[in-house]
>>> print(open('input.csv').read())   # CSV, C-alpha atoms and all ligand atoms
chain,number,residue,atom,x,y,z
U,1,MET,CA,20.9,-40.7,-42.3
U,2,LYS,CA,20.0,-43.7,-40.3
U,3,ILE,CA,19.6,-47.2,-41.6
U,4,ILE,CA,17.8,-49.7,-39.3
U,5,TYR,CA,17.7,-53.4,-39.9
U,6,ARG,CA,16.4,-55.8,-37.2
U,7,ASP,CA,18.3,-54.8,-34.0
U,8,LYS,CA,21.1,-53.0,-35.9
U,9,THR,CA,21.4,-49.3,-36.8
U,10,TRP,CA,23.9,-47.6,-39.1
U,11,GLU,CA,24.7,-43.9,-39.5
U,12,LEU,CA,25.6,-43.0,-43.1
U,13,LYS,CA,26.9,-39.6,-44.2
U,14,GLY,CA,26.1,-37.6,-47.4
U,15,ARG,CA,23.5,-38.3,-50.0
U,16,THR,CA,23.0,-41.6,-51.6
U,17,THR,CA,20.4,-43.9,-53.1
U,18,VAL,CA,18.6,-46.5,-51.0
U,19,ARG,CA,20.1,-49.2,-53.2
U,20,HIS,CA,23.6,-48.0,-52.5
U,21,ALA,CA,22.9,-47.7,-48.8
U,22,ILE,CA,21.6,-51.3,-48.6
U,23,LYS,CA,24.8,-52.5,-50.2
U,24,LYS,CA,26.9,-50.3,-48.0
U,25,VAL,CA,25.6,-51.9,-44.8
U,26,GLY,CA,26.3,-55.3,-46.3
U,27,LEU,CA,22.8,-56.4,-47.2
U,28,HIS,CA,21.3,-57.6,-50.4
U,29,PRO,CA,18.9,-55.3,-52.4
U,30,GLN,CA,16.9,-58.4,-53.3
U,31,ALA,CA,16.5,-59.5,-49.7
U,32,VAL,CA,15.1,-56.4,-48.2
U,33,LEU,CA,12.4,-53.7,-48.6
U,34,ALA,CA,13.0,-50.1,-47.6
U,35,VAL,CA,10.5,-48.1,-45.6
U,36,ARG,CA,10.7,-44.3,-44.9
U,37,ASP,CA,8.2,-42.4,-42.8
U,38,GLY,CA,6.0,-45.5,-42.8
U,39,LYS,CA,6.0,-45.7,-46.6
U,40,LEU,CA,7.5,-48.3,-48.9
U,41,ILE,CA,10.1,-46.7,-51.2
U,42,THR,CA,11.9,-47.9,-54.4
U,43,ASP,CA,15.7,-48.3,-54.2
U,44,ASP,CA,16.5,-45.4,-56.6
U,45,VAL,CA,15.2,-42.9,-54.0
U,46,LEU,CA,17.9,-40.5,-52.8
U,47,ILE,CA,18.3,-40.3,-49.0
U,48,SER,CA,20.3,-37.8,-46.9
U,49,GLY,CA,20.3,-35.7,-43.7
U,50,ASP,CA,17.9,-36.9,-41.1
U,51,ASP,CA,16.2,-39.6,-43.2
U,52,VAL,CA,15.5,-42.7,-41.3
U,53,VAL,CA,15.2,-45.8,-43.4
U,54,LYS,CA,14.0,-49.1,-42.0
U,55,LEU,CA,14.9,-52.2,-43.9
U,56,ILE,CA,12.6,-55.2,-43.8
U,57,ALA,CA,13.9,-58.7,-44.4
U,58,VAL,CA,11.9,-60.5,-47.0
U,59,VAL,CA,13.6,-63.9,-46.9
U,60,SER,CA,12.0,-66.7,-44.8
U,61,GLY,CA,13.5,-70.1,-44.3
U,62,GLY,CA,12.4,-73.5,-43.1
N,1,MET,CA,10.6,-43.8,-59.9
N,2,LYS,CA,7.1,-43.6,-61.4
N,3,CYS,CA,4.4,-46.2,-61.6
N,4,ARG,CA,4.4,-47.6,-65.2
N,5,LYS,CA,0.6,-47.8,-65.2
N,6,CYS,CA,-0.6,-44.5,-63.7
N,7,GLY,CA,2.5,-42.3,-63.3
N,8,THR,CA,2.3,-41.6,-59.6
N,9,THR,CA,5.2,-42.4,-57.3
N,10,ALA,CA,6.1,-46.1,-57.4
N,11,VAL,CA,6.5,-48.1,-54.2
N,12,ILE,CA,8.1,-51.2,-55.8
N,13,ASN,CA,10.4,-51.8,-58.7
N,14,MET,CA,10.4,-55.4,-60.1
N,15,ARG,CA,13.5,-55.5,-62.1
N,16,GLN,CA,12.7,-59.0,-63.5
N,17,HIS,CA,9.6,-57.6,-65.1
N,18,ARG,CA,11.0,-54.1,-65.8
N,19,LEU,CA,8.0,-52.9,-63.9
N,20,SER,CA,7.6,-50.3,-61.2
N,21,LEU,CA,4.2,-49.8,-59.6
N,22,CYS,CA,2.5,-47.6,-57.1
N,23,GLN,CA,0.7,-49.0,-54.1
N,24,GLU,CA,-2.7,-49.1,-55.8
N,25,CYS,CA,-1.6,-50.6,-59.0
N,26,PHE,CA,0.7,-53.2,-57.2
N,27,LEU,CA,-2.2,-54.3,-55.0
N,28,GLU,CA,-4.2,-55.0,-58.1
N,29,TRP,CA,-1.4,-56.5,-60.0
N,30,VAL,CA,-0.5,-59.2,-57.4
N,31,PRO,CA,-4.0,-60.9,-57.2
N,32,HIS,CA,-4.2,-60.7,-61.0
N,33,GLN,CA,-0.9,-62.6,-61.2
N,34,VAL,CA,-2.2,-65.2,-58.8
N,35,GLN,CA,-5.5,-65.6,-60.7
N,36,ARG,CA,-3.5,-66.1,-63.9
N,37,THR,CA,-1.4,-68.8,-62.2
N,38,ILE,CA,-4.4,-70.6,-60.9
N,39,GLU,CA,-5.9,-70.7,-64.3
N,40,LYS,CA,-2.8,-71.5,-66.2
N,41,PHE,CA,-2.0,-74.6,-64.1
N,42,HIS,CA,-5.7,-75.5,-63.7
N,43,MET,CA,-5.3,-75.4,-59.9
N,44,PHE,CA,-8.9,-74.9,-58.9
N,45,VAL,CA,-12.1,-73.2,-60.0
N,46,PRO,CA,-14.3,-70.6,-58.3
N,47,ASP,CA,-16.8,-73.2,-56.9
N,48,ASP,CA,-14.0,-75.3,-55.2
N,49,ARG,CA,-13.6,-75.2,-51.5
N,50,VAL,CA,-9.9,-74.3,-50.8
N,51,LEU,CA,-8.0,-75.1,-47.7
N,52,GLY,CA,-5.1,-72.7,-47.2
N,53,ALA,CA,-2.1,-73.9,-45.2
N,54,VAL,CA,-1.3,-70.9,-42.9
N,55,SER,CA,1.8,-70.6,-40.8
N,56,GLY,CA,1.4,-67.0,-39.7
N,57,GLY,CA,4.2,-65.9,-42.0
N,58,LYS,CA,3.9,-63.4,-44.8
N,59,ASP,CA,3.4,-65.8,-47.7
N,60,SER,CA,0.6,-67.9,-46.4
N,61,LEU,CA,-1.4,-65.0,-44.9
N,62,ALA,CA,-0.9,-63.0,-48.1
N,63,LEU,CA,-2.1,-66.0,-50.1
N,64,TRP,CA,-5.2,-66.4,-47.9
N,65,ASP,CA,-5.9,-62.7,-48.3
N,66,ILE,CA,-5.5,-62.9,-52.1
N,67,LEU,CA,-7.7,-65.9,-52.4
N,68,LEU,CA,-10.5,-64.2,-50.4
N,69,SER,CA,-10.2,-61.0,-52.4
N,70,LEU,CA,-10.4,-63.0,-55.6
N,71,GLY,CA,-13.7,-64.4,-54.3
N,72,TYR,CA,-12.6,-68.0,-53.5
N,73,SER,CA,-14.1,-69.8,-50.5
N,74,ALA,CA,-10.9,-70.4,-48.5
N,75,ASP,CA,-10.6,-71.8,-45.0
N,76,GLY,CA,-7.3,-72.1,-43.1
N,77,ILE,CA,-5.4,-74.8,-41.3
N,78,TYR,CA,-2.7,-73.9,-38.8
N,79,ILE,CA,-0.5,-76.5,-37.2
N,80,HIS,CA,1.0,-75.7,-33.8
N,81,LEU,CA,4.3,-77.4,-33.8
N,82,GLY,CA,5.2,-76.9,-30.1
N,83,ILE,CA,8.3,-74.8,-30.9
N,84,SER,CA,8.6,-72.7,-27.7
N,85,ASP,CA,11.8,-70.8,-28.3
N,86,GLY,CA,10.8,-67.2,-28.5
N,87,ASP,CA,7.1,-68.4,-28.2
N,88,TYR,CA,7.4,-68.9,-32.0
N,89,CYS,CA,4.3,-71.1,-32.4
N,90,ASP,CA,2.1,-69.2,-29.9
N,91,VAL,CA,2.9,-65.9,-31.5
N,92,SER,CA,2.3,-67.2,-35.0
N,93,GLN,CA,-1.0,-68.8,-34.0
N,94,GLN,CA,-2.0,-65.5,-32.6
N,95,LYS,CA,-1.3,-63.8,-36.0
N,96,VAL,CA,-3.5,-66.4,-37.7
N,97,GLU,CA,-6.3,-65.9,-35.2
N,98,CYS,CA,-6.2,-62.1,-35.6
N,99,PHE,CA,-6.2,-62.4,-39.4
N,100,ALA,CA,-9.2,-64.8,-39.4
N,101,ALA,CA,-11.1,-62.8,-36.8
N,102,ALA,CA,-10.7,-59.6,-38.8
N,103,ARG,CA,-12.1,-61.2,-41.9
N,104,ASP,CA,-14.6,-63.5,-40.3
N,105,VAL,CA,-13.1,-66.6,-42.0
N,106,ARG,CA,-12.8,-70.1,-40.6
N,107,PHE,CA,-9.7,-71.9,-39.6
N,108,GLN,CA,-8.7,-75.0,-37.8
N,109,VAL,CA,-5.8,-75.5,-35.4
N,110,VAL,CA,-4.1,-78.8,-34.9
N,111,ASN,CA,-1.8,-78.8,-31.9
N,112,VAL,CA,0.7,-81.5,-32.4
N,113,ALA,CA,1.7,-82.0,-28.8
N,114,GLN,CA,-2.0,-82.1,-27.7
N,115,GLU,CA,-3.0,-84.4,-30.5
N,116,TYR,CA,-0.1,-86.8,-30.5
N,117,GLY,CA,1.5,-86.4,-27.1
N,118,GLN,CA,4.8,-84.8,-28.2
N,119,SER,CA,5.9,-81.6,-29.8
N,120,ILE,CA,8.1,-81.5,-33.0
N,121,PRO,CA,11.3,-80.8,-31.1
N,122,GLN,CA,10.5,-83.7,-28.7
N,123,VAL,CA,9.9,-86.3,-31.4
N,124,ALA,CA,13.0,-85.1,-33.3
N,125,ARG,CA,15.1,-85.6,-30.2
N,126,ARG,CA,13.7,-89.0,-29.5
N,127,LYS,CA,14.1,-90.2,-33.1
N,128,ARG,CA,17.8,-89.7,-33.4
N,129,GLY,CA,18.9,-89.3,-37.0
N,130,ARG,CA,15.9,-87.3,-37.9
N,131,SER,CA,16.4,-83.6,-38.2
N,132,THR,CA,13.9,-81.2,-36.6
N,133,CYS,CA,13.0,-79.7,-40.0
N,134,GLY,CA,12.7,-83.1,-41.6
N,135,THR,CA,10.4,-84.3,-38.9
N,136,CYS,CA,8.5,-81.0,-39.0
N,137,GLY,CA,8.0,-81.3,-42.8
N,138,LEU,CA,6.7,-84.9,-42.5
N,139,VAL,CA,4.3,-84.0,-39.7
N,140,LYS,CA,3.0,-80.9,-41.5
N,141,ARG,CA,2.4,-82.7,-44.8
N,142,HIS,CA,0.6,-85.5,-43.1
N,143,ILE,CA,-1.7,-83.4,-41.0
N,144,MET,CA,-2.5,-80.9,-43.8
N,145,ASN,CA,-3.3,-83.8,-46.1
N,146,GLN,CA,-5.5,-85.4,-43.5
N,147,VAL,CA,-7.5,-82.2,-42.7
N,148,ALA,CA,-8.0,-81.5,-46.4
N,149,CYS,CA,-9.3,-85.1,-47.0
N,150,ASP,CA,-11.5,-85.2,-43.9
N,151,GLY,CA,-12.9,-81.8,-44.6
N,152,ARG,CA,-13.6,-82.8,-48.3
N,153,TYR,CA,-11.7,-79.7,-49.6
N,154,ALA,CA,-11.1,-79.7,-53.3
N,155,VAL,CA,-7.5,-78.6,-52.9
N,156,LEU,CA,-4.9,-77.7,-50.3
N,157,ALA,CA,-3.1,-74.4,-51.2
N,158,THR,CA,0.3,-73.5,-49.9
N,159,GLY,CA,2.2,-70.2,-50.0
N,160,HIS,CA,5.4,-71.3,-51.8
N,161,ASN,CA,6.8,-68.5,-53.9
N,162,VAL,CA,9.5,-68.4,-56.7
N,163,ASP,CA,12.3,-68.1,-54.2
N,164,ASP,CA,11.1,-71.1,-52.2
N,165,GLU,CA,10.7,-73.2,-55.3
N,166,ALA,CA,14.0,-72.1,-57.0
N,167,ALA,CA,15.9,-72.9,-53.8
N,168,VAL,CA,14.4,-76.4,-53.6
N,169,LEU,CA,15.0,-76.9,-57.3
N,170,PHE,CA,18.6,-75.8,-56.9
N,171,GLN,CA,19.1,-78.2,-54.0
N,172,ASN,CA,17.5,-81.1,-55.8
N,173,ALA,CA,19.4,-80.4,-59.0
N,174,LEU,CA,22.7,-80.3,-57.1
N,175,HIS,CA,22.0,-83.9,-56.0
N,176,TRP,CA,20.2,-84.9,-59.2
N,177,ALA,CA,17.4,-86.1,-56.9
N,178,THR,CA,15.2,-87.2,-59.8
N,179,GLY,CA,12.5,-88.5,-57.6
N,180,TYR,CA,12.1,-85.1,-56.0
N,181,LEU,CA,12.5,-83.3,-59.3
N,182,ALA,CA,9.6,-85.3,-60.7
N,183,ARG,CA,7.3,-84.3,-57.9
N,184,GLN,CA,8.2,-80.6,-57.6
N,185,ALA,CA,5.1,-79.4,-59.4
N,186,PRO,CA,2.8,-76.4,-59.1
N,187,VAL,CA,-0.1,-78.7,-58.7
N,188,LEU,CA,-0.3,-82.3,-57.6
N,189,PRO,CA,-3.4,-84.3,-58.4
N,190,ALA,CA,-5.2,-86.3,-55.8
N,191,SER,CA,-3.8,-89.6,-57.0
N,192,HIS,CA,-5.4,-91.6,-54.2
N,193,PRO,CA,-8.7,-91.2,-52.2
N,194,ARG,CA,-6.6,-90.3,-49.1
N,195,LEU,CA,-4.3,-87.9,-50.9
N,196,ALA,CA,-5.5,-84.3,-51.3
N,197,ARG,CA,-5.0,-82.3,-54.4
N,198,LYS,CA,-2.2,-79.7,-53.8
N,199,ALA,CA,-1.6,-76.3,-55.4
N,200,LYS,CA,0.9,-73.5,-55.1
N,201,PRO,CA,-0.7,-70.3,-56.4
N,202,LEU,CA,2.2,-68.0,-55.6
N,203,ILE,CA,4.8,-69.7,-57.8
N,204,ARG,CA,5.1,-66.7,-60.1
N,205,LEU,CA,5.8,-64.2,-57.4
N,206,TYR,CA,9.0,-63.3,-55.7
N,207,GLU,CA,9.4,-63.4,-52.0
N,208,ARG,CA,10.1,-59.7,-52.1
N,209,GLU,CA,6.8,-59.1,-53.7
N,210,MET,CA,4.9,-61.1,-51.2
N,211,ALA,CA,6.6,-59.2,-48.3
N,212,ALA,CA,5.6,-55.9,-50.0
N,213,TYR,CA,2.1,-57.1,-50.5
N,214,ALA,CA,1.7,-58.2,-46.9
N,215,LEU,CA,3.1,-54.9,-45.8
N,216,LEU,CA,1.0,-52.7,-48.0
N,217,ARG,CA,-2.2,-54.7,-47.1
N,218,GLY,CA,-1.4,-54.2,-43.4
N,219,ILE,CA,-1.2,-57.9,-42.8
N,220,ASP,CA,0.3,-58.5,-39.4
N,221,TYR,CA,2.5,-61.5,-39.9
N,222,ILE,CA,5.2,-63.2,-37.9
N,223,TYR,CA,8.4,-61.4,-38.8
N,224,ASP,CA,10.9,-63.5,-36.8
N,225,GLU,CA,12.1,-66.7,-38.2
N,226,CYS,CA,11.5,-70.1,-36.8
N,227,PRO,CA,14.5,-70.7,-34.5
N,228,TYR,CA,15.3,-73.9,-36.4
N,229,SER,CA,15.6,-72.2,-39.7
N,230,LYS,CA,19.0,-70.6,-38.7
N,231,GLY,CA,21.6,-72.1,-40.9
N,232,ALA,CA,19.0,-73.9,-42.9
N,233,THR,CA,20.4,-74.9,-46.3
N,234,THR,CA,17.4,-73.3,-48.0
N,235,LEU,CA,18.5,-69.9,-46.7
N,236,PHE,CA,21.9,-70.5,-48.1
N,237,TYR,CA,20.6,-71.4,-51.5
N,238,LYS,CA,18.2,-68.4,-51.5
N,239,ASP,CA,21.2,-66.2,-50.8
N,240,LEU,CA,23.1,-67.7,-53.7
N,241,LEU,CA,20.2,-67.3,-56.0
N,242,ASN,CA,19.8,-63.6,-54.9
N,243,GLN,CA,23.4,-63.0,-55.8
N,244,LEU,CA,22.6,-64.4,-59.3
N,245,GLU,CA,19.5,-62.3,-59.5
N,246,GLU,CA,21.4,-59.2,-58.7
N,247,LYS,CA,23.7,-59.7,-61.7
N,248,SER,CA,21.0,-60.9,-63.9
N,249,PRO,CA,17.5,-59.8,-63.1
N,250,GLY,CA,14.9,-62.5,-63.7
N,251,ALA,CA,17.4,-65.4,-63.2
N,252,LYS,CA,15.4,-67.0,-60.3
N,253,GLN,CA,12.2,-66.9,-62.2
N,254,GLN,CA,13.9,-68.2,-65.4
N,255,PHE,CA,15.6,-71.0,-63.6
N,256,TYR,CA,12.3,-72.3,-62.1
N,257,LEU,CA,9.8,-71.6,-64.8
N,258,SER,CA,12.0,-73.0,-67.5
N,259,PHE,CA,12.4,-76.2,-65.4
N,260,LEU,CA,8.6,-76.5,-65.3
N,261,GLN,CA,8.3,-76.0,-69.0
N,262,ALA,CA,11.0,-78.5,-69.8
N,263,ARG,CA,9.3,-81.0,-67.6
N,264,ARG,CA,5.9,-80.4,-69.1
N,265,GLU,CA,7.3,-81.0,-72.5
N,266,GLY,CA,9.0,-84.2,-71.4
N,267,ARG,CA,12.5,-82.8,-72.2
N,268,LEU,CA,13.7,-83.4,-68.7
N,269,LEU,CA,12.6,-86.6,-67.1
N,270,PRO,CA,10.8,-89.5,-68.6
N,271,MET,CA,7.1,-89.1,-68.0
N,272,LYS,CA,6.2,-91.5,-65.2
N,273,SER,CA,5.7,-95.0,-66.5
N,274,GLY,CA,3.7,-97.2,-64.2
N,275,GLN,CA,3.1,-96.3,-60.5
N,276,VAL,CA,5.2,-97.4,-57.6
N,277,ASP,CA,3.5,-100.0,-55.5
N,278,MET,CA,1.6,-98.2,-52.8
N,279,SER,CA,0.0,-99.8,-49.8
N,280,VAL,CA,-2.2,-98.1,-47.2
N,281,CYS,CA,-1.1,-97.3,-43.7
N,282,GLN,CA,-2.9,-99.6,-41.3
N,283,ARG,CA,-3.3,-96.9,-38.7
N,284,CYS,CA,-4.2,-93.7,-40.6
N,285,GLY,CA,-5.2,-94.9,-44.1
N,286,GLN,CA,-2.9,-92.7,-46.0
N,287,PRO,CA,-1.0,-94.3,-48.9
N,288,THR,CA,2.6,-95.3,-48.1
N,289,THR,CA,5.4,-97.3,-49.6
N,290,ALA,CA,6.1,-98.9,-46.3
N,291,PRO,CA,4.5,-102.3,-45.6
N,292,GLU,CA,2.5,-101.6,-42.5
N,293,LEU,CA,2.7,-98.1,-40.9
N,294,CYS,CA,3.5,-94.9,-42.8
N,295,ALA,CA,6.5,-92.8,-41.7
N,296,PHE,CA,4.2,-90.4,-39.8
N,297,CYS,CA,2.6,-93.1,-37.7
N,298,ARG,CA,5.9,-94.7,-37.0
N,299,LEU,CA,7.1,-91.4,-35.4
N,300,TRP,CA,4.9,-91.8,-32.4
N,301,ASP,CA,5.8,-95.5,-31.4
K,1,LIG,S1,12.3,-74.1,-39.8
K,1,LIG,FE1,12.2,-76.3,-39.6
K,1,LIG,S2,11.3,-76.6,-37.6
K,1,LIG,FE2,10.9,-74.5,-38.2
K,1,LIG,S3,8.9,-74.5,-39.1
K,1,LIG,FE3,10.4,-74.7,-40.8
K,1,LIG,S4,10.6,-76.9,-41.1
K,1,LIG,FE4,9.6,-76.6,-39.1
K,2,ZN,ZN,-0.1,-46.8,-60.4
K,3,ZN,ZN,-0.1,-93.7,-41.0
>>> encode(input="input.csv", output="structure tokens")
Amino acid sequence: MKIIYRDKTWELKGRTTVRHAIKKVGLHPQAVLAVRDGKLITDDVLISGDDVVKLIAVVSGG
Amino acid sequence: MKCRKCGTTAVINMRQHRLSLCQECFLEWVPHQVQRTIEKFHMFVPDDRVLGAVSGGKDSLALWDILLSLGYSADGIYIHLGISDGDYCDVSQQKVECFAAARDVRFQVVNVAQEYGQSIPQVARRKRGRSTCGTCGLVKRHIMNQVACDGRYAVLATGHNVDDEAAVLFQNALHWATGYLARQAPVLPASHPRLARKAKPLIRLYEREMAAYALLRGIDYIYDECPYSKGATTLFYKDLLNQLEEKSPGAKQQFYLSFLQARREGRLLPMKSGQVDMSVCQRCGQPTTAPELCAFCRLWD
């Protein structure tokens, strides 16, 4: 599966939850939202194979 | 995960509330929370004219969207700061314009460089010792207040969420900045004819919920950060608080809301006794503690 965040992309193998994938790429589950096929998904969803998950940053500064 | 209200597939899980909701239920739940906050803190009433401070970011546009959907009469104020890196201000102004045009609502733009002769980065550079963000905050506060007073709005509403407020609280508590702690309130009354009433209707919602709301409502907001926010201390504190939240869901909310409660009950800081001596700025008329010109007006000399 592919995990995309800003201009970065990661390829992960196997089958895992969104939550685990977020941590695996070094991000914070509280700081992102996950979108698959244009739909917002909760972080317990299992992803695998050719799933593409886009992570959206929720934190703004200033 | 299923929606706790209707049993269809959930799109968001809010661990601090032990609540997962589907798109439809979440889009009902958020405005409901905002309405409860507005009532609880007596922020404003349905007849009031509200001025929303909009930056083009998710929180302020979502707030505007929610206020309109709750039936409030809300106009917008956008301040163009003259930050040109990555066309930050031009792009965010465009987002505000699109939002307003699609809903046929009114908004006003104040372009700092056109109005006062210099952009925020230019003033900050000229006034050495003033940070860009510090200058920016001062200018934004002043202009928003002025527009709210001149336009006779009942209240100026800003899009601060739990994460914003908890980060500021954390920072102020680290320094025991009691003056700031005393003023960090969900609603500030108009304590002077030239000081607008201010309210923060999103203070019971997490940043994550606001981003989800904006996304699900199809609000096109500016995703990229202001170039000056990189390395901002607020971001660092938000990250720390998120680590805490991860270990203990609800910690951010608890930290901030229990602060409000402690203060309300007078357990934290002595209730203000007697006002500080305020004079009026000779140029703009806003109250100030300085003898002649306020900090804003001194920026341009
Ligand atoms: S990050 Fe700093 S300069 Fe940028 S908008 Fe926020 S306060 Fe202003
Ligand atoms: Zn539902
Ligand atoms: Zn002044």
>>> closest_residue(input="input.csv", among="U:His20, U:Val25, U:Val52, U:Ser60", to="ligand LIG 1 (chain K)", atoms="all atoms listed in the file")
U:Ser60
>>> residues_around(input="input.csv", residues="Glu165 of chain N", least_positions_apart="6", cutoff="9 Å", atoms="all atoms listed in the file", output="MDAnalysis selection string")
chainID N and resid 184 203 256
>>> residues_near_ligand(input="input.csv", ligand="ligand ZN 2 (chain K)", cutoff="7 Å", atoms="all atoms listed in the file", output="mmCIF file with C-alpha atoms, keeping the file's coordinate frame")
data_model
loop_
_atom_site.group_PDB
_atom_site.id
_atom_site.type_symbol
_atom_site.label_atom_id
_atom_site.label_comp_id
_atom_site.auth_asym_id
_atom_site.auth_seq_id
_atom_site.Cartn_x
_atom_site.Cartn_y
_atom_site.Cartn_z
ATOM 1 C CA CYS N 3 4.400 -46.200 -61.600
ATOM 2 C CA ARG N 4 4.400 -47.600 -65.200
ATOM 3 C CA LYS N 5 0.600 -47.800 -65.200
ATOM 4 C CA CYS N 6 -0.600 -44.500 -63.700
ATOM 5 C CA GLY N 7 2.500 -42.300 -63.300
ATOM 6 C CA THR N 8 2.300 -41.600 -59.600
ATOM 7 C CA ALA N 10 6.100 -46.100 -57.400
ATOM 8 C CA LEU N 21 4.200 -49.800 -59.600
ATOM 9 C CA CYS N 22 2.500 -47.600 -57.100
ATOM 10 C CA GLN N 23 0.700 -49.000 -54.100
ATOM 11 C CA GLU N 24 -2.700 -49.100 -55.800
ATOM 12 C CA CYS N 25 -1.600 -50.600 -59.000
#
>>> residues_near_ligand(input="input.csv", ligand="ligand LIG 1 (chain K)", cutoff="10 Å", atoms="all atoms listed in the file", output="JSON, numbers by chain")
{"U": [60, 61, 62], "N": [55, 79, 80, 81, 82, 83, 88, 89, 120, 121, 124, 131, 132, 133, 134, 135, 136, 137, 138, 139, 140, 225, 226, 227, 228, 229, 230, 231, 232, 234]}
>>> write_last_selection(input="input.csv", atoms="C-alpha atoms", output="PDB file, in the coordinates of the input")
ATOM      1  CA  SER U  60      12.000 -66.700 -44.800  1.00  0.00           C
ATOM      2  CA  GLY U  61      13.500 -70.100 -44.300  1.00  0.00           C
ATOM      3  CA  GLY U  62      12.400 -73.500 -43.100  1.00  0.00           C
TER       4      GLY U  62
ATOM      5  CA  SER N  55       1.800 -70.600 -40.800  1.00  0.00           C
ATOM      6  CA  ILE N  79      -0.500 -76.500 -37.200  1.00  0.00           C
ATOM      7  CA  HIS N  80       1.000 -75.700 -33.800  1.00  0.00           C
ATOM      8  CA  LEU N  81       4.300 -77.400 -33.800  1.00  0.00           C
ATOM      9  CA  GLY N  82       5.200 -76.900 -30.100  1.00  0.00           C
ATOM     10  CA  ILE N  83       8.300 -74.800 -30.900  1.00  0.00           C
ATOM     11  CA  TYR N  88       7.400 -68.900 -32.000  1.00  0.00           C
ATOM     12  CA  CYS N  89       4.300 -71.100 -32.400  1.00  0.00           C
ATOM     13  CA  ILE N 120       8.100 -81.500 -33.000  1.00  0.00           C
ATOM     14  CA  PRO N 121      11.300 -80.800 -31.100  1.00  0.00           C
ATOM     15  CA  ALA N 124      13.000 -85.100 -33.300  1.00  0.00           C
ATOM     16  CA  SER N 131      16.400 -83.600 -38.200  1.00  0.00           C
ATOM     17  CA  THR N 132      13.900 -81.200 -36.600  1.00  0.00           C
ATOM     18  CA  CYS N 133      13.000 -79.700 -40.000  1.00  0.00           C
ATOM     19  CA  GLY N 134      12.700 -83.100 -41.600  1.00  0.00           C
ATOM     20  CA  THR N 135      10.400 -84.300 -38.900  1.00  0.00           C
ATOM     21  CA  CYS N 136       8.500 -81.000 -39.000  1.00  0.00           C
ATOM     22  CA  GLY N 137       8.000 -81.300 -42.800  1.00  0.00           C
ATOM     23  CA  LEU N 138       6.700 -84.900 -42.500  1.00  0.00           C
ATOM     24  CA  VAL N 139       4.300 -84.000 -39.700  1.00  0.00           C
ATOM     25  CA  LYS N 140       3.000 -80.900 -41.500  1.00  0.00           C
ATOM     26  CA  GLU N 225      12.100 -66.700 -38.200  1.00  0.00           C
ATOM     27  CA  CYS N 226      11.500 -70.100 -36.800  1.00  0.00           C
ATOM     28  CA  PRO N 227      14.500 -70.700 -34.500  1.00  0.00           C
ATOM     29  CA  TYR N 228      15.300 -73.900 -36.400  1.00  0.00           C
ATOM     30  CA  SER N 229      15.600 -72.200 -39.700  1.00  0.00           C
ATOM     31  CA  LYS N 230      19.000 -70.600 -38.700  1.00  0.00           C
ATOM     32  CA  GLY N 231      21.600 -72.100 -40.900  1.00  0.00           C
ATOM     33  CA  ALA N 232      19.000 -73.900 -42.900  1.00  0.00           C
ATOM     34  CA  THR N 234      17.400 -73.300 -48.000  1.00  0.00           C
TER      35      THR N 234
END
>>> closest_residue(input="input.csv", among="N:Arg183, N:Arg141, N:Arg49, N:Lys200", to="ligand ZN 3 (chain K)", atoms="all atoms listed in the file")
N:Arg141
>>> interface_residues(input="input.csv", of="chain U", to="chain N", cutoff="9 Å", atoms="all atoms listed in the file", output="ChimeraX atom specification")
/U:28-33,39-45,56-62
>>> residues_near_ligand(input="input.csv", ligand="ligand ZN 3 (chain K)", cutoff="12 Å", atoms="only C-alpha atoms and all ligand atoms", output="PyMOL selection string")
chain N and resi 138-139+141-143+145-146+194+279-301
>>> residues_around(input="input.csv", residues="Thr37 of chain N", least_positions_apart="3", cutoff="10 Å", atoms="all atoms listed in the file", output="PyMOL selection string")
chain N and resi 31-34+40-43+186+200-205
>>> atom_distance(input="input.csv", atom1="atom CA of Asp65 of chain N", atom2="atom CA of Ile22 of chain U")
29.8 Å
>>> atom_distance(input="input.csv", atom1="atom CA of Val18 of chain U", atom2="atom CA of Arg6 of chain U")
16.8 Å
>>> atom_distance(input="input.csv", atom1="atom CA of Ile38 of chain N", atom2="atom CA of Ala62 of chain N")
15.3 Å
>>> residues_around(input="input.csv", residues="Tyr237 of chain N", least_positions_apart="5", cutoff="8 Å", atoms="all atoms listed in the file", output="number ranges by chain")
N: 167, 170-171
>>> write_last_selection(input="input.csv", atoms="C-alpha atoms", output="PDB file, in the coordinates of the input")
ATOM      1  CA  ALA N 167      15.900 -72.900 -53.800  1.00  0.00           C
ATOM      2  CA  PHE N 170      18.600 -75.800 -56.900  1.00  0.00           C
ATOM      3  CA  GLN N 171      19.100 -78.200 -54.000  1.00  0.00           C
TER       4      GLN N 171
END
>>> build_atoms(input="input.csv", residues="segment 55-59 of chain U", atoms="N, CA and C atoms", output="short mmCIF file (atom, residue, chain, number, x, y, z; two decimals), in the frame of the given file")
data_model
loop_
_atom_site.label_atom_id
_atom_site.label_comp_id
_atom_site.auth_asym_id
_atom_site.auth_seq_id
_atom_site.Cartn_x
_atom_site.Cartn_y
_atom_site.Cartn_z
N LEU U 55 14.86 -51.13 -42.95
CA LEU U 55 14.90 -52.20 -43.90
C LEU U 55 14.23 -53.45 -43.38
N ILE U 56 13.40 -54.03 -44.21
CA ILE U 56 12.60 -55.20 -43.80
C ILE U 56 13.07 -56.42 -44.54
N ALA U 57 13.45 -57.45 -43.79
CA ALA U 57 13.90 -58.70 -44.40
C ALA U 57 12.75 -59.37 -45.12
N VAL U 58 12.98 -59.88 -46.33
CA VAL U 58 11.90 -60.50 -47.00
C VAL U 58 12.07 -62.06 -47.10
N VAL U 59 13.26 -62.52 -46.70
CA VAL U 59 13.60 -63.90 -46.90
C VAL U 59 13.06 -64.73 -45.66
#
